Amino acid sequence: MKKAVQKRLTEYINKGEDKSLDEVEIEEVIKEEATYEVEASFTNDNEKEIASGILLSVGYDGTKGCAYAKLYNPENRKLFIWYDEEKTHRPYLLTDLSREELEKIPDVINHKGLIGFGEVEKYDPLRDQWVKMTKVIADDPLSIGGKPNSLRELLPSDQWGKRAWEAKIRYHHCFTYDNNLIPGMPYIEKNKRLQLIEVKIPENVKENLFNLLKSEDIEYGDILDRYLPVFLYPVPHIDRVAIDIEVFTPELDRIPDSKEAEYNIISAAFASTDGLNKVFVLRRANLENSKKVEDLPSNVEIIYFVVKKKMIKKFLNIINRYPIVITFNGDNFDLRYLYHRAIRLGFKKEEIPIELTKDEAHVKYGVHIDLYKFFYNNAIKVYAFGNAYKEVTLDTIAKALLGTSKVEIEKPISELSLEELAHYNYQDAKITLDLTTFNDNLTLKLIILLTRISRLPMEDLVRQGVSSWVKSLFYAEHRIRNYLIPRPEEITGLKGTVDTTPIIKGKKYKGAIVVEPKPGVHFNVVVLDFASLYPSVIKKYNLSYETVRCVHPECRDQKVPETNHWVCKKRRGLTSQIIGFLRDIRVKWFKPMSKNKNLPDEVRNWYSVVQQALKVFINASYGVFGAEHFPFYCLPVAESTAAIGRYAIMKTIKKAKELGVEVVYGDTDSVFLKEPGEEKIRELIRWSSGELGIELDVDKVYRYLALSQRKKNYLGVFNDGSVDIKGLTGKKRNTPIFLQKAFMEVVRVLGEVKSVEDFEKAKEKIREIAQECYRKLEERKYSLEELAFKVQLTKPLKQYVKTTPQHVKAARMLAAQGKDIRPGDIITFVKTRGVPGVKPVQYASIYEIDIEKYKDHIRTTFEQILDALGIDFSEIVGIRSLDMFI
DNA sequence: GCGGACTGCTTACCT
DNA sequence: ACAGGTAAGCAGTCCGCG
């Protein structure tokens with residue numbers, strides 16, 4: 001910085017005139033303009049470079065008018081953007097109209113984007129016949145679909161809609177499938193096309209797997225050969241940077257508007273896998289003399305900026321340097337704010353390597369992964385991370401998966417000292433990065449494997465739900481087999497019937513069976529369950545949209561129980577085959593291998609990731625057929641899966657009873673057996689695989705199991721004394737902490753029970769716990785925090801129109817005080833006397849607490865356990881309650 | 001005008 | 001934007017009550 005400028009700046013700072021900084025900046029900007037070039041280190045401008053590397057992403061470049069691919073070369077750690085410059089592939093749709101018929105449609109012939117027609121032969125799975133289709137080829141994706149005068153809209157209709165097939169597939173996906181590209185795999189450019197770099201699979205592995213699958217009664221054809229590289233090619237190291245920004249806010253509790261970008265980015269933090277640990281901090285005059293923060297790691301460098309524009313330029317340069325940019329909520333906030341802020345400060349669009357769509361933010365020279373969206377995905381939350389985090393916030397996820405949390409701050413962001421701000425900001429970036437690196441890069445590996453299986457570009461994969469993943473996988477498999485992808489209307493039109501009535505109003509068909517529990521304490525209970533029941537059913541009973549209610553009259557006697565549906569006897573269904581394959585290879589190979597102690601840790605770890613990725617697809621495979629927006633939506637498939645599932649569990653219960661074994665409970669795919677004995681368990685398992693063709697396994701063994709009359713509600717104690725709790729209120733996230741604690745004490749007591757006699761002592765201890773709970777409540781010894789209910793808002797406040805639940809009442813009080821309240825927020829409130837009976841914890845006093853309401857809650861929480869033990873709640877607190885009446 | 005029986009809404013959980 | 005089934009608490013409605 002020039003001396004003169006510095007001097008003036010110091011003067012301003014000393015005077016505390018923040019506004020005057022702008023003038024200084026203008027001088028700075030003029031002087032340093034020459035250095036404001038974007039320093040891109042991507043390499044597609046180097047003509048001699050050969051495109052090769054891991055395929056991270058495929059997209060469409062509107063300016064160049066062709067598809068592109070982003071390849072990351074782990075050796076030189078650079079990203080290469082390859083373009084289909086020769087236009088080897090063009091957008092198209094398929095129609096059953098002949099070329100001659102098409103030529104009679106003037107709008108089609110005169111369409112600006114039309115390139116020409118071609119002829120293809122496809123297998124129509126719905127009708128079990130080969131058909132000739134005409135390929136209508138266009139110059140750009142919008143000519144195919146997406147505009148009112150697109151080609152697909154100009155075609156005539158039949159009873160199911162426009163006579164256009166495969167016309168709604170995004171072009172960059174279409175390009176991926178047709179070129180048989182597998183994102184996440186290594187490619188090299190050859191003759192203007194991308195070619196898969198051959199992955200050597202050890203012969204013995206191949207043979208092992210081949211033999212394992214051969215024992216199955218399904219013909220898997222070339223699937224094994226195609227997928228082995230996908231599962232076995234390792235994920236290389238990929239450099240990445242996590243970014244996080246902090247923005248000045250004049251008002252508390254207001255999230256800055258990322259479109260307005262009215263205020264300064266006062267801090268921007270970076271944490272990368274190649275050692276970049278920096279925080280850019282904007283100097284603000286009134287915050288000059290601030291204290292040092294001890295906790296900031298020594299490898300983190302704080303760089304102070306005076307010139308806002310310069311800071312942003314440096315920021316953009318960092319974004320340009322990495323193949324992967326990671327954020328937590330960057331789609332809606334960080335990158336969006338940065339973009340609009342840059343525009344506000346005078347940057348031209350072309351200078352900002354960020355591209356915004358309605359709810360996504362992409363980086364031009366790499367791939368932006370918004371971890372918020374990825375971790376928000378329920379399939380990831382449940383199947384990949386086993387429900388370890390319940391709330392989707394950076395802090396909660398970090399605590400659950402990393403064991404670290406955000407920096408605690410006592411003041412609003414805008415009032416922190418610059419060092420405190422830097423520390424806080426850096427920690428967020430670091431946590432964000434660590435969410436992709438922890439456990440030997442588990443998250444990144446998972447993402448790469450999921451892109452390989454789904455064939456989705458990484459950007460799409462991390463933002464979309466499982467139904468999109470399965471859709472993409474199915475599309476690709478249709479193309480490989482030369483199957484015509486049916487129009488969704490055809491599937492619903494031809495097989496839209498449902499034969500069962502759901503138990504829950506508003507649902508579409510009947511689901512699983514929950515066995516009426518036998519209340520009481522049962523010792524020595526063994527739980528048997530079907531290993532992934534629904535996928536097994538889909539595999540074993542040949543379920544697929546084309547095989548359920550197939551066209552052949554001779555198959556109509558192959559009935560699905562409880563329905564009028566029948567299943568094809570002549571052909572293997574596509575879904576049955578694919579899901580069957582994924583299931584078999586997981587169950588027979590990857591899952592056992594992930595537990596094989598003879599393997600080195602790395603190998604085992606890898607098998608474990610593959611196994612988890614497969615689980616996500618397998619578990620979603622049933623639900624998607626009952627989801628309207630899924631393009632292969634087919635209720636008879638979902639309904640048949642559930643019906644056969646019910647058949648399996650009912651038959652198993654019947655068989656158990658025949659063997660003289662008592663079934664005390666069961667849910668969907670499990671049976672709880674009382675003192676069954678080794679031999680009868682073996683017999684049941686043998687019977688199941690023989691009779692039903694589905695594997696039954698021992699899942700859990702309880703020393704004792706406590707059941708009330710409530711379904712989905714039990715407490716089991718394993719032989720080692722650990723306790724398995726399902727569905728009980730005491731464990732629910734919204735239950736006040738004081739009750740959760742009391743509940744946990746009860747659980748601890750019950751864990752020590754070994755025999756019937758022990759229950760007497762336990763009962764006495766539980767009585768003490770309950771009475772202590774009552775006493776502390778009456779004496780108002782609990783803090784408001786401990787008494788608070790924590791309930792999530794699932795939609796915007798305005799959308800609660802039918803009723804006003806308590807947490808909404810509390811949230812509205814908060815909103816009235818100017819708090820920013822949005823969906824996903826957890827509202828913390830206590831129950832108070834009088835109207836409206838509820839207050840946000842922040843506004844309540846301990847003396848307003850409605851003690852009677854809380855007593856009711858104590859009662860129900862305890863009753864759930866006591867019911868099962870055959871103890872009356874009044875028996876436990878009876879004396880005290882009577883006292884109160886007198 | 002008030003409370004009990006009922007239905008519906010909402011959330012969190014189970015498989 | 002994968003499915004259906006269950007528990008719990010509260011909001012809102014209807015009806016009877018001289």
# chains A, B, ... in the order shown; residues from 1 in each chain; ligands from 1
>>> closest_atom_pairs(of="chain B", to="chain A", cutoff="7 Å", atoms="only C-alpha atoms (C1' of nucleotides)", output="tab-separated table")
residue	atom	partner	partner_atom	distance
B:DC9	C1'	A:Thr803	CA	6.6
B:DA12	C1'	A:Lys732	CA	7.0
B:DC13	C1'	A:Gly727	CA	5.7
B:DC14	C1'	A:Lys712	CA	5.7
B:DT15	C1'	A:Thr668	CA	5.7
>>> interface_residues(of="chain C", to="chain A", cutoff="7 Å", atoms="only C-alpha atoms (C1' of nucleotides)", output="ChimeraX atom specification")
/C:2-4,6,10-11
>>> residues_around(residues="stretch 255-264 of chain A", least_positions_apart="5", cutoff="7 Å", atoms="only C-alpha atoms (C1' of nucleotides)", output="ChimeraX atom specification")
/A:247-249,333,336-337,340-341,820
>>> write_last_selection(atoms="N, CA and C atoms", output="mmCIF file, in the first residue's frame")
data_model
loop_
_atom_site.group_PDB
_atom_site.id
_atom_site.type_symbol
_atom_site.label_atom_id
_atom_site.label_comp_id
_atom_site.auth_asym_id
_atom_site.auth_seq_id
_atom_site.Cartn_x
_atom_site.Cartn_y
_atom_site.Cartn_z
ATOM 1 N N VAL A 247 -20.924 -11.779 7.211
ATOM 2 C CA VAL A 247 -21.398 -10.518 6.650
ATOM 3 C C VAL A 247 -21.819 -9.595 7.778
ATOM 4 N N PHE A 248 -21.511 -8.302 7.614
ATOM 5 C CA PHE A 248 -21.913 -7.313 8.610
ATOM 6 C C PHE A 248 -23.430 -7.196 8.643
ATOM 7 N N THR A 249 -23.999 -7.165 9.853
ATOM 8 C CA THR A 249 -25.444 -6.938 9.946
ATOM 9 C C THR A 249 -25.704 -5.863 10.992
ATOM 10 N N PHE A 333 -26.541 -19.090 0.247
ATOM 11 C CA PHE A 333 -25.963 -17.951 0.923
ATOM 12 C C PHE A 333 -24.554 -17.545 0.446
ATOM 13 N N ARG A 336 -23.866 -17.049 -3.298
ATOM 14 C CA ARG A 336 -24.869 -16.117 -3.829
ATOM 15 C C ARG A 336 -24.569 -14.698 -3.339
ATOM 16 N N TYR A 337 -24.276 -14.604 -2.062
ATOM 17 C CA TYR A 337 -23.960 -13.286 -1.502
ATOM 18 C C TYR A 337 -22.695 -12.728 -2.146
ATOM 19 N N HIS A 340 -23.461 -11.398 -5.707
ATOM 20 C CA HIS A 340 -24.190 -10.133 -5.747
ATOM 21 C C HIS A 340 -23.391 -8.994 -5.119
ATOM 22 N N ARG A 341 -22.593 -9.336 -4.130
ATOM 23 C CA ARG A 341 -21.753 -8.318 -3.505
ATOM 24 C C ARG A 341 -20.710 -7.830 -4.517
ATOM 25 N N ASP A 820 -35.511 -13.690 13.162
ATOM 26 C CA ASP A 820 -35.630 -14.323 11.864
ATOM 27 C C ASP A 820 -36.017 -15.785 12.075
#
>>> residues_around(residues="B:DT7", least_positions_apart="4", cutoff="12 Å", atoms="only C-alpha atoms (C1' of nucleotides)", output="ChimeraX atom specification")
/C:11-14
>>> write_last_selection(atoms="C-alpha atoms (C1' of nucleotides)", output="compact mmCIF listing (two decimals), in the first residue's frame")
# COMPACT_ATOMS: atom_id res chain seq x y z
C1' DA C 11 -56.60 -27.20 18.00
C1' DG C 12 -60.92 -26.87 16.49
C1' DT C 13 -65.88 -28.39 16.11
C1' DC C 14 -70.18 -30.18 17.55
>>> residues_around(residues="A:Tyr426", least_positions_apart="3", cutoff="12 Å", atoms="only C-alpha atoms (C1' of nucleotides)", output="PyMOL selection string")
chain A and resi 242-246+267-272+276-281+295-297+299-302+406-407+418-423+429-433
>>> decode(residues="stretch 1-16 of chain C", atoms="all heavy atoms", output="short mmCIF file (atom, residue, chain, number, x, y, z; two decimals), in the first residue's frame")
data_model
loop_
_atom_site.label_atom_id
_atom_site.label_comp_id
_atom_site.auth_asym_id
_atom_site.auth_seq_id
_atom_site.Cartn_x
_atom_site.Cartn_y
_atom_site.Cartn_z
P DA C 1 -35.06 -33.16 -4.14
OP1 DA C 1 -33.93 -33.82 -3.67
OP2 DA C 1 -35.25 -32.84 -5.54
"O5'" DA C 1 -36.42 -33.86 -3.67
"C5'" DA C 1 -36.75 -33.88 -2.30
"C4'" DA C 1 -38.13 -34.53 -2.17
"O4'" DA C 1 -39.11 -33.64 -2.75
"C3'" DA C 1 -38.30 -35.85 -2.95
"O3'" DA C 1 -38.29 -36.92 -2.03
"C2'" DA C 1 -39.65 -35.73 -3.66
"C1'" DA C 1 -40.18 -34.38 -3.23
N9 DA C 1 -40.78 -33.57 -4.28
C8 DA C 1 -41.14 -33.97 -5.53
N7 DA C 1 -41.64 -33.03 -6.27
C5 DA C 1 -41.61 -31.89 -5.44
C6 DA C 1 -42.00 -30.55 -5.63
N6 DA C 1 -42.52 -30.10 -6.76
N1 DA C 1 -41.82 -29.69 -4.60
C2 DA C 1 -41.28 -30.16 -3.46
N3 DA C 1 -40.87 -31.41 -3.17
C4 DA C 1 -41.06 -32.23 -4.21
P DC C 2 -37.14 -37.99 -2.02
OP1 DC C 2 -36.43 -37.86 -0.77
OP2 DC C 2 -36.43 -37.91 -3.34
"O5'" DC C 2 -38.00 -39.33 -1.97
"C5'" DC C 2 -39.02 -39.58 -2.92
"C4'" DC C 2 -39.37 -41.03 -2.80
"O4'" DC C 2 -38.20 -41.75 -2.44
"C3'" DC C 2 -40.35 -41.29 -1.67
"O3'" DC C 2 -41.66 -41.08 -2.11
"C2'" DC C 2 -40.09 -42.76 -1.44
"C1'" DC C 2 -38.58 -42.86 -1.64
N1 DC C 2 -37.81 -42.82 -0.36
C2 DC C 2 -37.62 -43.99 0.35
O2 DC C 2 -38.07 -45.05 -0.14
N3 DC C 2 -36.96 -43.96 1.52
C4 DC C 2 -36.52 -42.80 2.00
N4 DC C 2 -35.87 -42.83 3.16
C5 DC C 2 -36.69 -41.59 1.30
C6 DC C 2 -37.34 -41.62 0.14
P DA C 3 -42.82 -40.80 -1.01
OP1 DA C 3 -43.91 -40.15 -1.74
OP2 DA C 3 -42.22 -40.13 0.16
"O5'" DA C 3 -43.26 -42.25 -0.53
"C5'" DA C 3 -43.69 -43.22 -1.47
"C4'" DA C 3 -43.97 -44.51 -0.73
"O4'" DA C 3 -42.74 -44.96 -0.12
"C3'" DA C 3 -44.94 -44.34 0.43
"O3'" DA C 3 -46.26 -44.56 -0.03
"C2'" DA C 3 -44.51 -45.45 1.37
"C1'" DA C 3 -43.03 -45.59 1.11
N9 DA C 3 -42.20 -44.95 2.14
C8 DA C 3 -41.67 -43.69 2.15
N7 DA C 3 -40.97 -43.41 3.23
C5 DA C 3 -41.04 -44.57 3.99
C6 DA C 3 -40.49 -44.93 5.23
N6 DA C 3 -39.75 -44.11 5.98
N1 DA C 3 -40.77 -46.17 5.70
C2 DA C 3 -41.52 -47.00 4.95
N3 DA C 3 -42.08 -46.76 3.76
C4 DA C 3 -41.79 -45.53 3.33
P DG C 4 -47.50 -44.08 0.90
OP1 DG C 4 -48.72 -44.19 0.09
OP2 DG C 4 -47.14 -42.82 1.57
"O5'" DG C 4 -47.53 -45.20 2.03
"C5'" DG C 4 -47.92 -46.53 1.70
"C4'" DG C 4 -47.85 -47.38 2.96
"O4'" DG C 4 -46.57 -47.13 3.60
"C3'" DG C 4 -48.91 -47.04 4.01
"O3'" DG C 4 -49.31 -48.22 4.67
"C2'" DG C 4 -48.17 -46.10 4.95
"C1'" DG C 4 -46.77 -46.70 4.94
N9 DG C 4 -45.73 -45.74 5.31
C8 DG C 4 -45.43 -44.55 4.67
N7 DG C 4 -44.47 -43.90 5.26
C5 DG C 4 -44.12 -44.69 6.35
C6 DG C 4 -43.14 -44.49 7.36
O6 DG C 4 -42.37 -43.54 7.50
N1 DG C 4 -43.12 -45.54 8.26
C2 DG C 4 -43.93 -46.65 8.20
N2 DG C 4 -43.77 -47.55 9.17
N3 DG C 4 -44.84 -46.85 7.27
C4 DG C 4 -44.88 -45.83 6.37
P DG C 5 -50.46 -48.17 5.81
OP1 DG C 5 -51.19 -49.44 5.74
OP2 DG C 5 -51.18 -46.88 5.73
"O5'" DG C 5 -49.60 -48.16 7.16
"C5'" DG C 5 -48.86 -49.32 7.53
"C4'" DG C 5 -48.55 -49.30 9.01
"O4'" DG C 5 -47.48 -48.34 9.25
"C3'" DG C 5 -49.70 -48.88 9.91
"O3'" DG C 5 -49.63 -49.67 11.10
"C2'" DG C 5 -49.42 -47.41 10.18
"C1'" DG C 5 -47.90 -47.37 10.20
N9 DG C 5 -47.32 -46.10 9.78
C8 DG C 5 -47.60 -45.37 8.65
N7 DG C 5 -46.89 -44.26 8.56
C5 DG C 5 -46.10 -44.27 9.70
C6 DG C 5 -45.13 -43.32 10.15
O6 DG C 5 -44.77 -42.28 9.61
N1 DG C 5 -44.56 -43.71 11.36
C2 DG C 5 -44.88 -44.86 12.04
N2 DG C 5 -44.23 -45.06 13.19
N3 DG C 5 -45.78 -45.74 11.62
C4 DG C 5 -46.34 -45.39 10.46
P DT C 6 -50.72 -49.47 12.32
OP1 DT C 6 -50.86 -50.77 12.98
OP2 DT C 6 -51.89 -48.75 11.79
"O5'" DT C 6 -49.97 -48.49 13.32
"C5'" DT C 6 -48.86 -48.98 14.06
"C4'" DT C 6 -48.41 -47.95 15.07
"O4'" DT C 6 -47.81 -46.83 14.39
"C3'" DT C 6 -49.51 -47.36 15.96
"O3'" DT C 6 -49.16 -47.64 17.29
"C2'" DT C 6 -49.51 -45.88 15.65
"C1'" DT C 6 -48.11 -45.66 15.11
N1 DT C 6 -47.97 -44.53 14.16
C2 DT C 6 -47.05 -43.53 14.45
O2 DT C 6 -46.35 -43.53 15.44
N3 DT C 6 -46.99 -42.53 13.52
C4 DT C 6 -47.73 -42.42 12.36
O4 DT C 6 -47.59 -41.47 11.60
C5 DT C 6 -48.68 -43.49 12.12
C7 DT C 6 -49.54 -43.47 10.90
C6 DT C 6 -48.75 -44.49 13.03
P DA C 7 -50.17 -47.20 18.52
OP1 DA C 7 -50.04 -48.25 19.54
OP2 DA C 7 -51.49 -46.81 18.00
"O5'" DA C 7 -49.44 -45.89 19.06
"C5'" DA C 7 -48.07 -45.99 19.46
"C4'" DA C 7 -47.64 -44.68 20.09
"O4'" DA C 7 -47.41 -43.70 19.06
"C3'" DA C 7 -48.66 -44.06 21.04
"O3'" DA C 7 -47.94 -43.63 22.19
"C2'" DA C 7 -49.26 -42.91 20.27
"C1'" DA C 7 -48.13 -42.50 19.32
N9 DA C 7 -48.55 -41.98 18.02
C8 DA C 7 -49.49 -42.50 17.18
N7 DA C 7 -49.64 -41.83 16.06
C5 DA C 7 -48.72 -40.80 16.18
C6 DA C 7 -48.38 -39.73 15.32
N6 DA C 7 -48.95 -39.54 14.13
N1 DA C 7 -47.43 -38.88 15.74
C2 DA C 7 -46.85 -39.09 16.92
N3 DA C 7 -47.08 -40.05 17.82
C4 DA C 7 -48.05 -40.88 17.37
P DA C 8 -48.80 -43.11 23.49
OP1 DA C 8 -47.96 -43.46 24.65
OP2 DA C 8 -50.22 -43.53 23.42
"O5'" DA C 8 -48.75 -41.55 23.29
"C5'" DA C 8 -47.49 -40.90 23.31
"C4'" DA C 8 -47.72 -39.45 22.98
"O4'" DA C 8 -48.08 -39.37 21.59
"C3'" DA C 8 -48.88 -38.84 23.76
"O3'" DA C 8 -48.33 -37.89 24.65
"C2'" DA C 8 -49.78 -38.21 22.71
"C1'" DA C 8 -48.94 -38.26 21.44
N9 DA C 8 -49.68 -38.47 20.21
C8 DA C 8 -50.62 -39.43 19.95
N7 DA C 8 -51.12 -39.37 18.74
C5 DA C 8 -50.46 -38.29 18.17
C6 DA C 8 -50.54 -37.69 16.89
N6 DA C 8 -51.35 -38.13 15.93
N1 DA C 8 -49.75 -36.63 16.65
C2 DA C 8 -48.95 -36.21 17.62
N3 DA C 8 -48.77 -36.68 18.85
C4 DA C 8 -49.58 -37.73 19.07
P DG C 9 -49.27 -37.09 25.68
OP1 DG C 9 -48.43 -36.84 26.85
OP2 DG C 9 -50.59 -37.71 25.80
"O5'" DG C 9 -49.46 -35.72 24.88
"C5'" DG C 9 -48.33 -34.97 24.49
"C4'" DG C 9 -48.84 -33.77 23.74
"O4'" DG C 9 -49.34 -34.24 22.45
"C3'" DG C 9 -50.02 -33.10 24.44
"O3'" DG C 9 -49.77 -31.72 24.49
"C2'" DG C 9 -51.23 -33.44 23.59
"C1'" DG C 9 -50.60 -33.64 22.22
N9 DG C 9 -51.35 -34.53 21.33
C8 DG C 9 -51.99 -35.70 21.65
N7 DG C 9 -52.58 -36.26 20.62
C5 DG C 9 -52.33 -35.39 19.57
C6 DG C 9 -52.72 -35.46 18.22
O6 DG C 9 -53.39 -36.34 17.66
N1 DG C 9 -52.25 -34.39 17.48
C2 DG C 9 -51.50 -33.36 18.00
N2 DG C 9 -51.13 -32.41 17.16
N3 DG C 9 -51.11 -33.28 19.26
C4 DG C 9 -51.57 -34.32 19.99
P DC C 10 -50.73 -30.76 25.34
OP1 DC C 10 -49.85 -29.87 26.09
OP2 DC C 10 -51.81 -31.51 26.00
"O5'" DC C 10 -51.37 -29.92 24.16
"C5'" DC C 10 -50.51 -29.41 23.15
"C4'" DC C 10 -51.33 -29.07 21.94
"O4'" DC C 10 -51.85 -30.28 21.36
"C3'" DC C 10 -52.54 -28.19 22.26
"O3'" DC C 10 -52.45 -27.05 21.43
"C2'" DC C 10 -53.75 -29.07 21.93
"C1'" DC C 10 -53.16 -30.03 20.90
N1 DC C 10 -53.86 -31.34 20.77
C2 DC C 10 -54.25 -31.77 19.49
O2 DC C 10 -54.01 -31.05 18.52
N3 DC C 10 -54.89 -32.96 19.37
C4 DC C 10 -55.13 -33.70 20.45
N4 DC C 10 -55.75 -34.87 20.28
C5 DC C 10 -54.73 -33.29 21.76
C6 DC C 10 -54.10 -32.12 21.88
P DA C 11 -53.41 -25.83 21.68
OP1 DA C 11 -52.52 -24.65 21.64
OP2 DA C 11 -54.33 -26.07 22.80
"O5'" DA C 11 -54.26 -25.87 20.33
"C5'" DA C 11 -53.58 -26.03 19.09
"C4'" DA C 11 -54.58 -25.98 17.97
"O4'" DA C 11 -55.21 -27.27 17.80
"C3'" DA C 11 -55.73 -24.99 18.16
"O3'" DA C 11 -55.98 -24.41 16.90
"C2'" DA C 11 -56.88 -25.86 18.66
"C1'" DA C 11 -56.60 -27.20 18.00
N9 DA C 11 -56.96 -28.39 18.77
C8 DA C 11 -56.69 -28.65 20.09
N7 DA C 11 -57.10 -29.83 20.51
C5 DA C 11 -57.67 -30.38 19.37
C6 DA C 11 -58.29 -31.63 19.14
N6 DA C 11 -58.43 -32.56 20.07
N1 DA C 11 -58.75 -31.87 17.90
C2 DA C 11 -58.60 -30.94 16.95
N3 DA C 11 -58.04 -29.73 17.05
C4 DA C 11 -57.58 -29.52 18.30
P DG C 12 -57.08 -23.29 16.76
OP1 DG C 12 -56.65 -22.48 15.60
OP2 DG C 12 -57.34 -22.66 18.07
"O5'" DG C 12 -58.38 -24.13 16.34
"C5'" DG C 12 -58.38 -24.83 15.11
"C4'" DG C 12 -59.66 -25.62 15.01
"O4'" DG C 12 -59.63 -26.73 15.95
"C3'" DG C 12 -60.94 -24.82 15.34
"O3'" DG C 12 -61.82 -24.97 14.25
"C2'" DG C 12 -61.46 -25.45 16.62
"C1'" DG C 12 -60.92 -26.87 16.49
N9 DG C 12 -60.79 -27.60 17.74
C8 DG C 12 -60.20 -27.18 18.91
N7 DG C 12 -60.25 -28.08 19.86
C5 DG C 12 -60.91 -29.16 19.29
C6 DG C 12 -61.25 -30.42 19.82
O6 DG C 12 -61.03 -30.84 20.95
N1 DG C 12 -61.91 -31.21 18.90
C2 DG C 12 -62.20 -30.84 17.60
N2 DG C 12 -62.83 -31.73 16.84
N3 DG C 12 -61.88 -29.66 17.07
C4 DG C 12 -61.24 -28.88 17.98
P DT C 13 -63.24 -24.28 14.25
OP1 DT C 13 -63.34 -23.70 12.89
OP2 DT C 13 -63.40 -23.42 15.45
"O5'" DT C 13 -64.27 -25.48 14.37
"C5'" DT C 13 -64.05 -26.69 13.65
"C4'" DT C 13 -65.15 -27.66 14.01
"O4'" DT C 13 -64.79 -28.36 15.23
"C3'" DT C 13 -66.51 -27.02 14.29
"O3'" DT C 13 -67.51 -27.73 13.59
"C2'" DT C 13 -66.69 -27.13 15.80
"C1'" DT C 13 -65.88 -28.39 16.11
N1 DT C 13 -65.33 -28.47 17.49
C2 DT C 13 -65.47 -29.66 18.19
O2 DT C 13 -66.04 -30.64 17.73
N3 DT C 13 -64.91 -29.65 19.44
C4 DT C 13 -64.26 -28.61 20.07
O4 DT C 13 -63.81 -28.73 21.20
C5 DT C 13 -64.17 -27.40 19.28
C7 DT C 13 -63.47 -26.19 19.87
C6 DT C 13 -64.70 -27.38 18.03
P DC C 14 -69.00 -27.20 13.51
OP1 DC C 14 -69.35 -27.28 12.09
OP2 DC C 14 -69.13 -25.93 14.25
"O5'" DC C 14 -69.81 -28.31 14.29
"C5'" DC C 14 -69.48 -29.69 14.12
"C4'" DC C 14 -70.13 -30.50 15.23
"O4'" DC C 14 -69.33 -30.39 16.44
"C3'" DC C 14 -71.54 -30.02 15.60
"O3'" DC C 14 -72.43 -31.13 15.58
"C2'" DC C 14 -71.38 -29.42 16.99
"C1'" DC C 14 -70.18 -30.18 17.55
N1 DC C 14 -69.38 -29.45 18.56
C2 DC C 14 -68.98 -30.12 19.72
O2 DC C 14 -69.30 -31.31 19.88
N3 DC C 14 -68.24 -29.45 20.65
C4 DC C 14 -67.92 -28.17 20.44
N4 DC C 14 -67.19 -27.55 21.37
C5 DC C 14 -68.31 -27.47 19.26
C6 DC C 14 -69.04 -28.14 18.36
P DC C 15 -73.99 -30.91 15.74
OP1 DC C 15 -74.61 -31.88 14.82
OP2 DC C 15 -74.32 -29.46 15.65
"O5'" DC C 15 -74.26 -31.38 17.22
"C5'" DC C 15 -73.64 -32.57 17.72
"C4'" DC C 15 -73.87 -32.65 19.21
"O4'" DC C 15 -72.88 -31.83 19.88
"C3'" DC C 15 -75.24 -32.13 19.65
"O3'" DC C 15 -75.84 -33.07 20.52
"C2'" DC C 15 -74.94 -30.82 20.35
"C1'" DC C 15 -73.54 -31.08 20.89
N1 DC C 15 -72.73 -29.85 21.11
C2 DC C 15 -71.90 -29.79 22.25
O2 DC C 15 -71.85 -30.76 23.01
N3 DC C 15 -71.16 -28.67 22.45
C4 DC C 15 -71.24 -27.64 21.60
N4 DC C 15 -70.51 -26.57 21.84
C5 DC C 15 -72.09 -27.69 20.45
C6 DC C 15 -72.81 -28.80 20.25
P DG C 16 -77.41 -32.95 20.82
OP1 DG C 16 -78.04 -34.15 20.23
OP2 DG C 16 -77.89 -31.59 20.47
"O5'" DG C 16 -77.44 -33.09 22.41
"C5'" DG C 16 -76.55 -34.01 23.05
"C4'" DG C 16 -76.19 -33.48 24.42
"O4'" DG C 16 -75.33 -32.32 24.28
"C3'" DG C 16 -77.41 -33.00 25.24
"O3'" DG C 16 -77.30 -33.55 26.54
"C2'" DG C 16 -77.28 -31.49 25.27
"C1'" DG C 16 -75.78 -31.30 25.16
N9 DG C 16 -75.36 -30.02 24.59
C8 DG C 16 -75.80 -29.43 23.44
N7 DG C 16 -75.21 -28.29 23.18
C5 DG C 16 -74.32 -28.13 24.24
C6 DG C 16 -73.41 -27.08 24.52
O6 DG C 16 -73.19 -26.06 23.86
N1 DG C 16 -72.70 -27.31 25.69
C2 DG C 16 -72.85 -28.41 26.49
N2 DG C 16 -72.09 -28.46 27.58
N3 DG C 16 -73.70 -29.39 26.26
C4 DG C 16 -74.40 -29.19 25.12
#
